[in-house]
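Printed here is target-v9.pdb (PDB, C-alpha atoms and all ligand atoms):
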```
ATOM      1  CA  MET J   1     127.718  91.237  97.152
ATOM      2  CA  LYS J   2     124.690  91.695  94.900
ATOM      3  CA  LEU J   3     121.463  91.957  96.884
ATOM      4  CA  ARG J   4     119.104  89.042  96.253
ATOM      5  CA  LEU J   5     115.707  90.067  97.583
ATOM      6  CA  GLY J   6     113.023  87.778  98.983
ATOM      7  CA  PHE J   7     109.712  89.529  99.656
ATOM      8  CA  LEU J   8     107.008  88.568 102.122
ATOM      9  CA  ALA J   9     103.715  90.412 101.818
ATOM     10  CA  SER J  10     100.097  89.805 102.744
ATOM     11  CA  HIS J  11      98.081  92.210 100.627
ATOM     12  CA  GLY J  12      98.315  94.604  97.733
ATOM     13  CA  GLY J  13     102.054  94.808  97.594
ATOM     14  CA  SER J  14     102.383  98.386  96.372
ATOM     15  CA  ASN J  15     105.726  98.580  98.197
ATOM     16  CA  VAL J  16     106.882  95.381  96.493
ATOM     17  CA  GLN J  17     105.808  96.885  93.172
ATOM     18  CA  ALA J  18     107.759 100.089  93.838
ATOM     19  CA  ILE J  19     110.888  98.020  94.540
ATOM     20  CA  LEU J  20     110.371  95.825  91.456
ATOM     21  CA  ASP J  21     110.012  99.014  89.383
ATOM     22  CA  ALA J  22     113.185 100.504  90.880
ATOM     23  CA  CYS J  23     115.122  97.322  89.974
ATOM     24  CA  ARG J  24     113.722  97.293  86.443
ATOM     25  CA  GLU J  25     114.500 100.980  85.919
ATOM     26  CA  GLY J  26     118.063 100.635  87.221
ATOM     27  CA  ARG J  27     117.519 102.852  90.279
ATOM     28  CA  LEU J  28     118.161  99.870  92.531
ATOM     29  CA  ASP J  29     121.014  97.460  92.001
ATOM     30  CA  ALA J  30     119.346  94.300  93.326
ATOM     31  CA  GLU J  31     117.815  91.101  92.052
ATOM     32  CA  PRO J  32     114.182  90.378  93.053
ATOM     33  CA  CYS J  33     114.304  86.599  93.549
ATOM     34  CA  VAL J  34     111.030  85.446  95.080
ATOM     35  CA  VAL J  35     107.732  86.695  96.525
ATOM     36  CA  ILE J  36     105.937  84.770  99.283
ATOM     37  CA  SER J  37     102.461  85.569 100.552
ATOM     38  CA  ASN J  38     100.401  84.006 103.316
ATOM     39  CA  ASN J  39      97.286  85.045 101.411
ATOM     40  CA  SER J  40      96.470  83.143  98.213
ATOM     41  CA  ASP J  41      94.321  86.049  96.914
ATOM     42  CA  ALA J  42      96.923  88.745  97.535
ATOM     43  CA  MET J  43      97.488  91.064  94.615
ATOM     44  CA  VAL J  44     101.188  90.914  95.377
ATOM     45  CA  LEU J  45     101.277  87.400  93.863
ATOM     46  CA  ASP J  46      99.851  88.766  90.572
ATOM     47  CA  ARG J  47     102.376  91.607  90.636
ATOM     48  CA  ALA J  48     105.193  89.091  91.071
ATOM     49  CA  MET J  49     103.997  86.938  88.214
ATOM     50  CA  ALA J  50     103.637  89.972  85.941
ATOM     51  CA  ALA J  51     107.258  90.835  86.712
ATOM     52  CA  ARG J  52     108.303  87.166  86.148
ATOM     53  CA  VAL J  53     109.408  86.779  89.743
ATOM     54  CA  PRO J  54     108.643  83.345  91.262
ATOM     55  CA  ALA J  55     105.665  83.611  93.625
ATOM     56  CA  PHE J  56     104.514  81.259  96.361
ATOM     57  CA  HIS J  57     101.552  81.014  98.703
ATOM     58  CA  LEU J  58     102.743  79.624 102.040
ATOM     59  CA  SER J  59     100.447  79.813 105.023
ATOM     60  CA  SER J  60      99.051  77.978 108.023
ATOM     61  CA  HIS J  61      96.376  76.549 105.677
ATOM     62  CA  ILE J  62      99.102  74.686 103.823
ATOM     63  CA  HIS J  63     101.303  73.987 106.864
ATOM     64  CA  PRO J  64      99.178  74.024 110.062
ATOM     65  CA  ASP J  65     102.260  73.264 112.171
ATOM     66  CA  PRO J  66     104.108  76.603 112.650
ATOM     67  CA  ALA J  67     107.486  74.829 112.704
ATOM     68  CA  ARG J  68     106.786  73.236 109.297
ATOM     69  CA  LEU J  69     105.642  76.579 107.905
ATOM     70  CA  ASP J  70     108.833  78.221 109.148
ATOM     71  CA  GLU J  71     110.907  75.482 107.448
ATOM     72  CA  ALA J  72     108.925  75.783 104.218
ATOM     73  CA  ILE J  73     109.452  79.553 104.063
ATOM     74  CA  LEU J  74     113.156  79.168 104.826
ATOM     75  CA  ALA J  75     113.516  76.460 102.167
ATOM     76  CA  VAL J  76     111.976  78.685  99.480
ATOM     77  CA  LEU J  77     114.183  81.636 100.455
ATOM     78  CA  GLU J  78     117.307  79.480 100.412
ATOM     79  CA  LYS J  79     116.386  77.743  97.155
ATOM     80  CA  HIS J  80     116.200  81.181  95.514
ATOM     81  CA  ARG J  81     119.496  82.212  97.166
ATOM     82  CA  VAL J  82     117.908  85.190  98.919
ATOM     83  CA  ASN J  83     120.388  87.192 101.010
ATOM     84  CA  LEU J  84     118.014  89.940 102.218
ATOM     85  CA  ILE J  85     114.384  89.549 103.302
ATOM     86  CA  VAL J  86     112.046  92.450 102.546
ATOM     87  CA  LEU J  87     108.856  92.492 104.607
ATOM     88  CA  ALA J  88     106.231  94.678 102.959
ATOM     89  CA  GLY J  89     102.885  94.583 104.693
ATOM     90  CA  TYR J  90     103.481  91.028 105.953
ATOM     91  CA  MET J  91     100.927  90.472 108.685
ATOM     92  CA  LYS J  92     102.613  87.404 110.213
ATOM     93  CA  LYS J  93     105.727  86.961 112.278
ATOM     94  CA  LEU J  94     108.643  85.083 110.776
ATOM     95  CA  GLY J  95     109.445  81.791 112.466
ATOM     96  CA  PRO J  96     112.551  81.244 114.629
ATOM     97  CA  LYS J  97     114.534  79.265 112.031
ATOM     98  CA  THR J  98     114.069  81.867 109.316
ATOM     99  CA  LEU J  99     114.889  84.676 111.751
ATOM    100  CA  ALA J 100     118.017  82.897 112.962
ATOM    101  CA  ARG J 101     119.234  82.201 109.443
ATOM    102  CA  TYR J 102     118.607  85.821 108.308
ATOM    103  CA  ARG J 103     119.311  87.676 111.558
ATOM    104  CA  GLY J 104     120.105  91.321 110.820
ATOM    105  CA  ARG J 105     119.080  90.845 107.202
ATOM    106  CA  VAL J 106     115.291  91.209 107.536
ATOM    107  CA  LEU J 107     113.916  94.639 106.654
ATOM    108  CA  ASN J 108     110.471  95.997 107.398
ATOM    109  CA  ILE J 109     108.692  99.222 106.572
ATOM    110  CA  HIS J 110     106.408 100.853 109.118
ATOM    111  CA  PRO J 111     103.953 103.666 108.279
ATOM    112  CA  ALA J 112     105.019 106.043 111.085
ATOM    113  CA  LEU J 113     108.158 107.581 112.550
ATOM    114  CA  LEU J 114     109.449 104.805 114.819
ATOM    115  CA  PRO J 115     110.149 104.465 117.699
ATOM    116  CA  LYS J 116     106.831 106.306 118.115
ATOM    117  CA  PHE J 117     103.601 104.589 117.094
ATOM    118  CA  GLY J 118     104.994 101.071 116.814
ATOM    119  CA  GLY J 119     104.490  97.785 118.598
ATOM    120  CA  LYS J 120     101.780  95.180 118.829
ATOM    121  CA  GLY J 121      98.453  96.264 117.328
ATOM    122  CA  MET J 122     100.056  99.227 115.569
ATOM    123  CA  TYR J 123      99.350  98.400 111.953
ATOM    124  CA  GLY J 124      97.254  99.823 109.134
ATOM    125  CA  HIS J 125      94.754 102.444 110.167
ATOM    126  CA  HIS J 126      95.486 101.990 113.864
ATOM    127  CA  VAL J 127      98.800 103.741 113.293
ATOM    128  CA  HIS J 128      97.359 106.757 111.499
ATOM    129  CA  GLU J 129      94.467 107.047 113.974
ATOM    130  CA  ALA J 130      96.969 107.137 116.843
ATOM    131  CA  VAL J 131      99.125 109.764 115.108
ATOM    132  CA  LEU J 132      96.072 111.997 114.545
ATOM    133  CA  ALA J 133      94.771 111.438 118.083
ATOM    134  CA  ALA J 134      98.160 112.482 119.489
ATOM    135  CA  GLY J 135      98.004 115.748 117.552
ATOM    136  CA  GLU J 136     101.334 115.115 115.808
ATOM    137  CA  LYS J 137     102.490 117.721 113.314
ATOM    138  CA  GLU J 138     104.364 115.200 111.214
ATOM    139  CA  SER J 139     104.360 111.515 110.436
ATOM    140  CA  GLY J 140     106.174 109.414 107.868
ATOM    141  CA  ALA J 141     107.701 106.041 107.185
ATOM    142  CA  THR J 142     110.504 104.052 108.782
ATOM    143  CA  VAL J 143     112.637 101.253 107.389
ATOM    144  CA  HIS J 144     114.097  99.116 110.148
ATOM    145  CA  ILE J 145     115.579  95.715 110.875
ATOM    146  CA  ALA J 146     112.937  93.236 111.995
ATOM    147  CA  ASP J 147     113.505  90.767 114.801
ATOM    148  CA  GLU J 148     111.346  88.852 117.300
ATOM    149  CA  GLU J 149     109.804  92.067 118.686
ATOM    150  CA  TYR J 150     107.395  94.169 116.652
ATOM    151  CA  ASP J 151     108.933  97.367 115.275
ATOM    152  CA  ARG J 152     111.883  97.331 117.684
ATOM    153  CA  GLY J 153     114.961  96.628 115.525
ATOM    154  CA  ARG J 154     117.658  99.051 114.362
ATOM    155  CA  ILE J 155     116.223 102.024 112.465
ATOM    156  CA  LEU J 156     117.859 102.457 109.058
ATOM    157  CA  ALA J 157     115.957 105.389 107.555
ATOM    158  CA  HIS J 158     113.005 107.738 107.975
ATOM    159  CA  LYS J 159     111.079 109.888 105.566
ATOM    160  CA  LYS J 160     108.713 112.531 106.933
ATOM    161  CA  VAL J 161     105.396 113.929 105.724
ATOM    162  CA  PRO J 162     103.367 116.754 107.255
ATOM    163  CA  VAL J 163     100.120 116.051 109.087
ATOM    164  CA  LYS J 164      97.625 118.527 107.606
ATOM    165  CA  ALA J 165      94.579 120.144 109.163
ATOM    166  CA  GLY J 166      91.503 118.068 108.333
ATOM    167  CA  ASP J 167      93.519 114.884 107.732
ATOM    168  CA  THR J 168      91.670 111.601 108.139
ATOM    169  CA  PRO J 169      93.401 108.247 108.684
ATOM    170  CA  ASP J 170      92.821 107.630 104.957
ATOM    171  CA  SER J 171      94.328 110.884 103.717
ATOM    172  CA  LEU J 172      97.327 110.506 106.013
ATOM    173  CA  ALA J 173      97.798 106.850 105.003
ATOM    174  CA  GLU J 174      97.844 107.865 101.358
ATOM    175  CA  ARG J 175     100.490 110.561 101.924
ATOM    176  CA  VAL J 176     102.636 108.174 103.980
ATOM    177  CA  LEU J 177     102.321 105.325 101.438
ATOM    178  CA  GLU J 178     103.691 107.565  98.716
ATOM    179  CA  VAL J 179     106.887 108.205 100.675
ATOM    180  CA  GLU J 180     107.106 104.539 101.697
ATOM    181  CA  HIS J 181     107.497 103.671  98.025
ATOM    182  CA  GLN J 182     110.409 106.106  97.657
ATOM    183  CA  LEU J 183     112.008 105.306 100.999
ATOM    184  CA  TYR J 184     112.074 101.516 100.654
ATOM    185  CA  ALA J 185     113.800 101.526  97.268
ATOM    186  CA  GLU J 186     116.209 104.311  98.314
ATOM    187  CA  THR J 187     117.157 102.517 101.522
ATOM    188  CA  LEU J 188     117.759  99.259  99.663
ATOM    189  CA  GLN J 189     119.998 101.117  97.232
ATOM    190  CA  ARG J 190     121.972 102.575 100.169
ATOM    191  CA  ILE J 191     122.477  98.984 101.378
ATOM    192  CA  ALA J 192     123.435  97.863  97.858
ATOM    193  CA  SER J 193     125.997 100.666  97.589
ATOM    194  CA  GLY J 194     127.494  99.952 101.029
ATOM    195  CA  ASP J 195     126.357 103.301 102.458
ATOM    196  CA  ILE J 196     124.319 101.345 105.036
ATOM    197  CA  LYS J 197     126.117  98.271 106.333
ATOM    198  CA  LEU J 198     124.220  95.177 107.454
ATOM    199  CA  GLU J 199     125.767  92.322 109.375
ATOM    200  CA  GLY J 200     126.260  89.231 107.261
ATOM    201  CA  LEU J 201     125.988  90.931 103.873
TER     202      LEU J 201
HETATM  203  C1  LIG J 301     102.306  99.712 104.260
HETATM  204  O1  LIG J 301     101.644 100.824 104.778
HETATM  205  C2  LIG J 301     103.416  99.300 105.193
HETATM  206  O2  LIG J 301     103.963 100.364 105.902
HETATM  207  C3  LIG J 301     102.724  98.386 106.147
HETATM  208  O3  LIG J 301     101.770  97.696 105.350
HETATM  209  C4  LIG J 301     101.420  98.478 104.226
HETATM  210  C5  LIG J 301     101.639  97.646 103.011
HETATM  211  O4  LIG J 301     101.117  98.232 101.852
HETATM  212  N1  LIG J 301     103.691  97.559 106.828
HETATM  213  P1  LIG J 301     101.350  97.538 100.446
HETATM  214  O5  LIG J 301     100.833  96.107 100.531
HETATM  215  O6  LIG J 301     102.831  97.571 100.160
HETATM  216  O7  LIG J 301     100.562  98.341  99.456
END
```
Would you write the structure of this file as structure tokens?
Ligand code: GRF
Amino acid sequence: MKLRLGFLASHGGSNVQAILDACREGRLDAEPCVVISNNSDAMVLDRAMAARVPAFHLSSHIHPDPARLDEAILAVLEKHRVNLIVLAGYMKKLGPKTLARYRGRVLNIHPALLPKFGGKGMYGHHVHEAVLAAGEKESGATVHIADEEYDRGRILAHKKVPVKAGDTPDSLAERVLEVEHQLYAETLQRIASGDIKLEGL
């Protein structure tokens, strides 16, 4: 079954861009179908429009009732016949209806080597600060299945980077982000090729 990707992202969307590029260049056999952001100013919406992918702003400003927001997100994903959700820097939790409908078919990328350095509050610079504070020799990125718990679902793939002497959270974040871009597209291609099997696909 051809992968039909629905992205949710809150900010810049460099991971979304890397996946859009991989699809365009034929490195990833998947169809980017829709991009949803909770942030109307997010650059990811501009990236989507530039790539002619339908883009929507759906947030608690538009739907203050969380149940309505959940239904609105699910309706957009279903309308665009999405069969795999790609979270890429999405700072909100998916609602119960969307999670139930796409159980096992929601991917997330985390900027550390899960199961270490994950969980509530572990996002952005907090992750890299914790890795440096722990004196780790390596960090990296993890693609995993997302469910109700933060960063707890099945781990699909890792890519490592070294932690270097004199690293700051910024320098480490930059090194990790570079491998995130490779890892996300590669992992999606392994799903597309059947090398990684997901329930319901
Ligand atoms: C990435 O570091 C990702 O691991 C985390 O959020 C960041 C998103 O970056 N979940 P971008 O918006 O894709 O540039």
Q: Name every residue that the PyMOL selection byres (((chain J and resi 92-100) around 10) and not hetatm) selects in this structure, writing the answer as a PyMOL selection string with chains first and numbers rising.
A: chain J and resi 8-10+37-38+59+66-75+77-78+85+87+89-91+101-106+146-150
Preceding selection exported with C-alpha atoms as a JSON list (two decimals), in the coordinates of the input:
```json
[["chain", "number", "residue", "atom", "x", "y", "z"],
["J", 8, "LEU", "CA", 107.01, 88.57, 102.12],
["J", 9, "ALA", "CA", 103.72, 90.41, 101.82],
["J", 10, "SER", "CA", 100.10, 89.80, 102.74],
["J", 37, "SER", "CA", 102.46, 85.57, 100.55],
["J", 38, "ASN", "CA", 100.40, 84.01, 103.32],
["J", 59, "SER", "CA", 100.45, 79.81, 105.02],
["J", 66, "PRO", "CA", 104.11, 76.60, 112.65],
["J", 67, "ALA", "CA", 107.49, 74.83, 112.70],
["J", 68, "ARG", "CA", 106.79, 73.24, 109.30],
["J", 69, "LEU", "CA", 105.64, 76.58, 107.90],
["J", 70, "ASP", "CA", 108.83, 78.22, 109.15],
["J", 71, "GLU", "CA", 110.91, 75.48, 107.45],
["J", 72, "ALA", "CA", 108.92, 75.78, 104.22],
["J", 73, "ILE", "CA", 109.45, 79.55, 104.06],
["J", 74, "LEU", "CA", 113.16, 79.17, 104.83],
["J", 75, "ALA", "CA", 113.52, 76.46, 102.17],
["J", 77, "LEU", "CA", 114.18, 81.64, 100.46],
["J", 78, "GLU", "CA", 117.31, 79.48, 100.41],
["J", 85, "ILE", "CA", 114.38, 89.55, 103.30],
["J", 87, "LEU", "CA", 108.86, 92.49, 104.61],
["J", 89, "GLY", "CA", 102.88, 94.58, 104.69],
["J", 90, "TYR", "CA", 103.48, 91.03, 105.95],
["J", 91, "MET", "CA", 100.93, 90.47, 108.68],
["J", 101, "ARG", "CA", 119.23, 82.20, 109.44],
["J", 102, "TYR", "CA", 118.61, 85.82, 108.31],
["J", 103, "ARG", "CA", 119.31, 87.68, 111.56],
["J", 104, "GLY", "CA", 120.10, 91.32, 110.82],
["J", 105, "ARG", "CA", 119.08, 90.84, 107.20],
["J", 106, "VAL", "CA", 115.29, 91.21, 107.54],
["J", 146, "ALA", "CA", 112.94, 93.24, 112.00],
["J", 147, "ASP", "CA", 113.50, 90.77, 114.80],
["J", 148, "GLU", "CA", 111.35, 88.85, 117.30],
["J", 149, "GLU", "CA", 109.80, 92.07, 118.69],
["J", 150, "TYR", "CA", 107.40, 94.17, 116.65]]
```
Using only C-alpha atoms and all ligand atoms, find each protein or nucleic acid residue lying at most 8 Å from ligand LIG 301 (chain J); present the set as a PDB file with C-alpha atoms, keeping the file's coordinate frame.
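Output contents, as saved in pocket_25.pdb:
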```
ATOM      1  CA  ALA J   9     103.715  90.412 101.818  1.00  0.00           C
ATOM      2  CA  SER J  10     100.097  89.805 102.744  1.00  0.00           C
ATOM      3  CA  HIS J  11      98.081  92.210 100.627  1.00  0.00           C
ATOM      4  CA  GLY J  12      98.315  94.604  97.733  1.00  0.00           C
ATOM      5  CA  GLY J  13     102.054  94.808  97.594  1.00  0.00           C
ATOM      6  CA  SER J  14     102.383  98.386  96.372  1.00  0.00           C
ATOM      7  CA  ASN J  15     105.726  98.580  98.197  1.00  0.00           C
ATOM      8  CA  VAL J  16     106.882  95.381  96.493  1.00  0.00           C
ATOM      9  CA  GLN J  17     105.808  96.885  93.172  1.00  0.00           C
ATOM     10  CA  VAL J  44     101.188  90.914  95.377  1.00  0.00           C
ATOM     11  CA  LEU J  87     108.856  92.492 104.607  1.00  0.00           C
ATOM     12  CA  ALA J  88     106.231  94.678 102.959  1.00  0.00           C
ATOM     13  CA  GLY J  89     102.885  94.583 104.693  1.00  0.00           C
ATOM     14  CA  TYR J  90     103.481  91.028 105.953  1.00  0.00           C
ATOM     15  CA  MET J  91     100.927  90.472 108.685  1.00  0.00           C
ATOM     16  CA  ASN J 108     110.471  95.997 107.398  1.00  0.00           C
ATOM     17  CA  ILE J 109     108.692  99.222 106.572  1.00  0.00           C
ATOM     18  CA  HIS J 110     106.408 100.853 109.118  1.00  0.00           C
ATOM     19  CA  PRO J 111     103.953 103.666 108.279  1.00  0.00           C
ATOM     20  CA  ALA J 112     105.019 106.043 111.085  1.00  0.00           C
ATOM     21  CA  TYR J 123      99.350  98.400 111.953  1.00  0.00           C
ATOM     22  CA  GLY J 124      97.254  99.823 109.134  1.00  0.00           C
ATOM     23  CA  ALA J 141     107.701 106.041 107.185  1.00  0.00           C
ATOM     24  CA  ALA J 173      97.798 106.850 105.003  1.00  0.00           C
ATOM     25  CA  VAL J 176     102.636 108.174 103.980  1.00  0.00           C
ATOM     26  CA  LEU J 177     102.321 105.325 101.438  1.00  0.00           C
ATOM     27  CA  GLU J 180     107.106 104.539 101.697  1.00  0.00           C
ATOM     28  CA  HIS J 181     107.497 103.671  98.025  1.00  0.00           C
TER      29      HIS J 181
END
```
Which centre and edge lengths in Å to one decimal define the box along x, y and z that fits every listed atom of region 125-140 of chain J plus 4 Å per side, as JSON?
```
{"center_x": 100.3, "center_y": 109.9, "center_z": 113.7, "size_x": 19.7, "size_y": 23.7, "size_z": 19.6}
```
Q: Taking the file above as input, evaluate the PyMOL selection byres (((chain J and resi 45) around 9) and not hetatm) and report the hits as a PyMOL selection string.
A: chain J and resi 9+11-13+35-37+39-44+46-50+54-57
Q) From the set J:Ile19, J:Leu107, J:Ala130, J:Leu28, which residue has the shortest atom-to-atom contact distance to Gln189 (chain J), counting only C-alpha atoms? A)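 Of all the options, J:Leu28 lies closest to Gln189 (chain J).
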Q: Grab the CA of Lys79 (chain J) to CA of Ile196 (chain J) distance for me, in Å with one decimal place.
A: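 According to the coordinates, CA of Lys79 (chain J) and CA of Ile196 (chain J) are separated by 26.1 Å.
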Q: Have a look at J:Glu136, J:Leu114, J:Glu129, J:Glu186 and name the one nearest to Asp151 (chain J); count only C-alpha atoms.
A: J:Leu114
Q: Find the distance between CA of Val179 (chain J) and CA of Ser139 (chain J) and write it in Å to one decimal.
A: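 Straight-line distance from CA of Val179 (chain J) to CA of Ser139 (chain J) works out to 10.6 Å.
For the pair CA of Leu132 (chain J) and CA of Ile155 (chain J), the separation is 22.6 Å.
Against this structure, the PyMOL selection byres (((chain J and resi 160) around 6) and not hetatm) ends up with Ser139, Gly140, Lys159 and Val161 of chain J.
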Q: Could you tell me which of J:Lys2, J:Arg27, J:His126, J:Lys116 comes closest to Val82 (chain J) if we count all atoms listed in the file?
A: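 Comparing J:Lys2, J:Arg27, J:His126, J:Lys116 against Val82 (chain J), the winner is J:Lys2.
Residue nearest Ile191 (chain J), chosen from J:Cys33, J:Leu84, J:Ala51, J:Val131 and counting only C-alpha atoms: J:Leu84.
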